[in-house]
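S.K.: Before anything else, here's the structure in question.
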Amino acid sequence: MFAIIGYIIVTTAVVGGFLFAGGHLGSLVQPAEYVMIIGSAGGAFFVANPPKILKSTLKALPKAFKGSKYTKALFVDLLSLLFEILAKVRKEGLMSIEADVEQPAQSPLFTKYPGISSDHHVVEFITDYLRMMVGGNLNAFEIENLMDNEIDTHHHEASMPATALARMADGLPAFGIVAAVMGVVHTMESVGIPPAELGKLIAAALVGTFLGILVSYGFVSPLSTLVENKNDEELKIYQCIKVVLLASMSGYAPQVAVEFGRKVLFSTERPSFRELEDEIKTRRKK
């Protein structure tokens, strides 16, 4: 929603300023320039990126225009779920969660928190490392290293659309220059026409430069930054899970382990100690 508002502000400021200065809106309507710039930039984007990045970019774009799902309520659910799992382990032993780990879709623990259980990446991350804990073959240092590598891989993969969009934004001003040069070529081959007509051709050529710069810095570059910020928000949930599970493996009680996880959250989404404690007590009674 905020992205759309930002785009409206950019468009209003640029076009409104142009009109306020006495410009004519019709001068900006140059279909040929639009086709050259957008078409060449789109073609270069297809050349530079393999199919998997193209697909991930198409998936990332709708998310960029939606509100974040990583809210305080979601993290309260996550920490409550981890607390219940670890409390069960502490009370009944690691083998007591084997069925929950192997079939999370049927687990009373996971299904109790639909906001978490609906995200198969998060569920897979939790269950994979719980499975390793149940197996008992790896120590906390080995699991931490493995978690770091997996999180880095996930973050790198998720950041590819943002990188691709940023590179596209970098190239758009150059494509604007190409369109402008093509317009100048057309102008030079039409030097015999009246000055008024010649001026229109020069104006049309300059629209190419204007359009390339505007689309780059006003639209595509901010979009790439927005996608990158969304990825950083998503990364935080994995870091939270990592810290909680490692704290548990190091021997801390479930109440302390989830407090470790609470501390790594962004301040805007982090529940207070009392909020989390009260929520966990409430849910344990259900």
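Chain identifiers are assigned as A, B, and so on, following the order in which chains appear in the structure tokens; residues are numbered from 1 within each chain, and ligands are numbered from 1 in order of appearance.
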List as an mmCIF file with C-alpha atoms, in the first residue's frame the protein and nucleic acid residues near stretch 110-123 of chain A, meaning an atom at most 8 Å away when only C-alpha atoms are counted, but skip any in the same chain fewer than 4 places from it.
M.R.:
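Writing the result to around-v8.cif gives the following:
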```cif
data_model
loop_
_atom_site.group_PDB
_atom_site.id
_atom_site.type_symbol
_atom_site.label_atom_id
_atom_site.label_comp_id
_atom_site.auth_asym_id
_atom_site.auth_seq_id
_atom_site.Cartn_x
_atom_site.Cartn_y
_atom_site.Cartn_z
ATOM 1 C CA LEU A 74 3.077 -13.953 14.398
ATOM 2 C CA ASP A 77 2.734 -17.513 17.973
ATOM 3 C CA LEU A 78 6.212 -18.676 16.998
ATOM 4 C CA LEU A 81 4.937 -22.856 19.719
ATOM 5 C CA ASP A 100 5.175 -34.046 15.901
ATOM 6 C CA PRO A 104 3.684 -31.657 11.685
ATOM 7 C CA ALA A 105 0.474 -31.341 9.638
ATOM 8 C CA GLN A 106 -1.191 -33.765 12.078
ATOM 9 C CA THR A 127 11.319 -29.905 12.271
ATOM 10 C CA ILE A 237 12.043 -15.548 11.852
ATOM 11 C CA TYR A 238 14.786 -18.087 11.086
#
```
S.K.: Quick one: residues within 12 Å of A:Arg90, only C-alpha atoms, excluding same-chain residues fewer than 3 positions away - as a ChimeraX atom specification?
M.R.: /A:83-87,93-97,248-249,251-255
S.K.: Have a look at A:Ile241, A:Ala204, A:Leu28, A:Arg274 and name the one nearest to A:Asp128; count only C-alpha atoms.
M.R.: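 The answer is A:Ile241, which sits nearest to A:Asp128.
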S.K.: Just checking: using only C-alpha atoms, which residue out of A:Ser267, A:Phe210, A:Glu277, A:Lys63 ends up closest to A:Val14?
M.R.: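 Answer, going by the shortest atom-to-atom distance: A:Phe210.
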S.K.: Choose the residue, out of A:Val243, A:Ala203, A:Val258, A:Leu54, that has the smallest atom-to-atom separation from A:Thr163; count only C-alpha atoms.
M.R.: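 Looking only at the distances to A:Thr163, the closest residue turns out to be A:Leu54.
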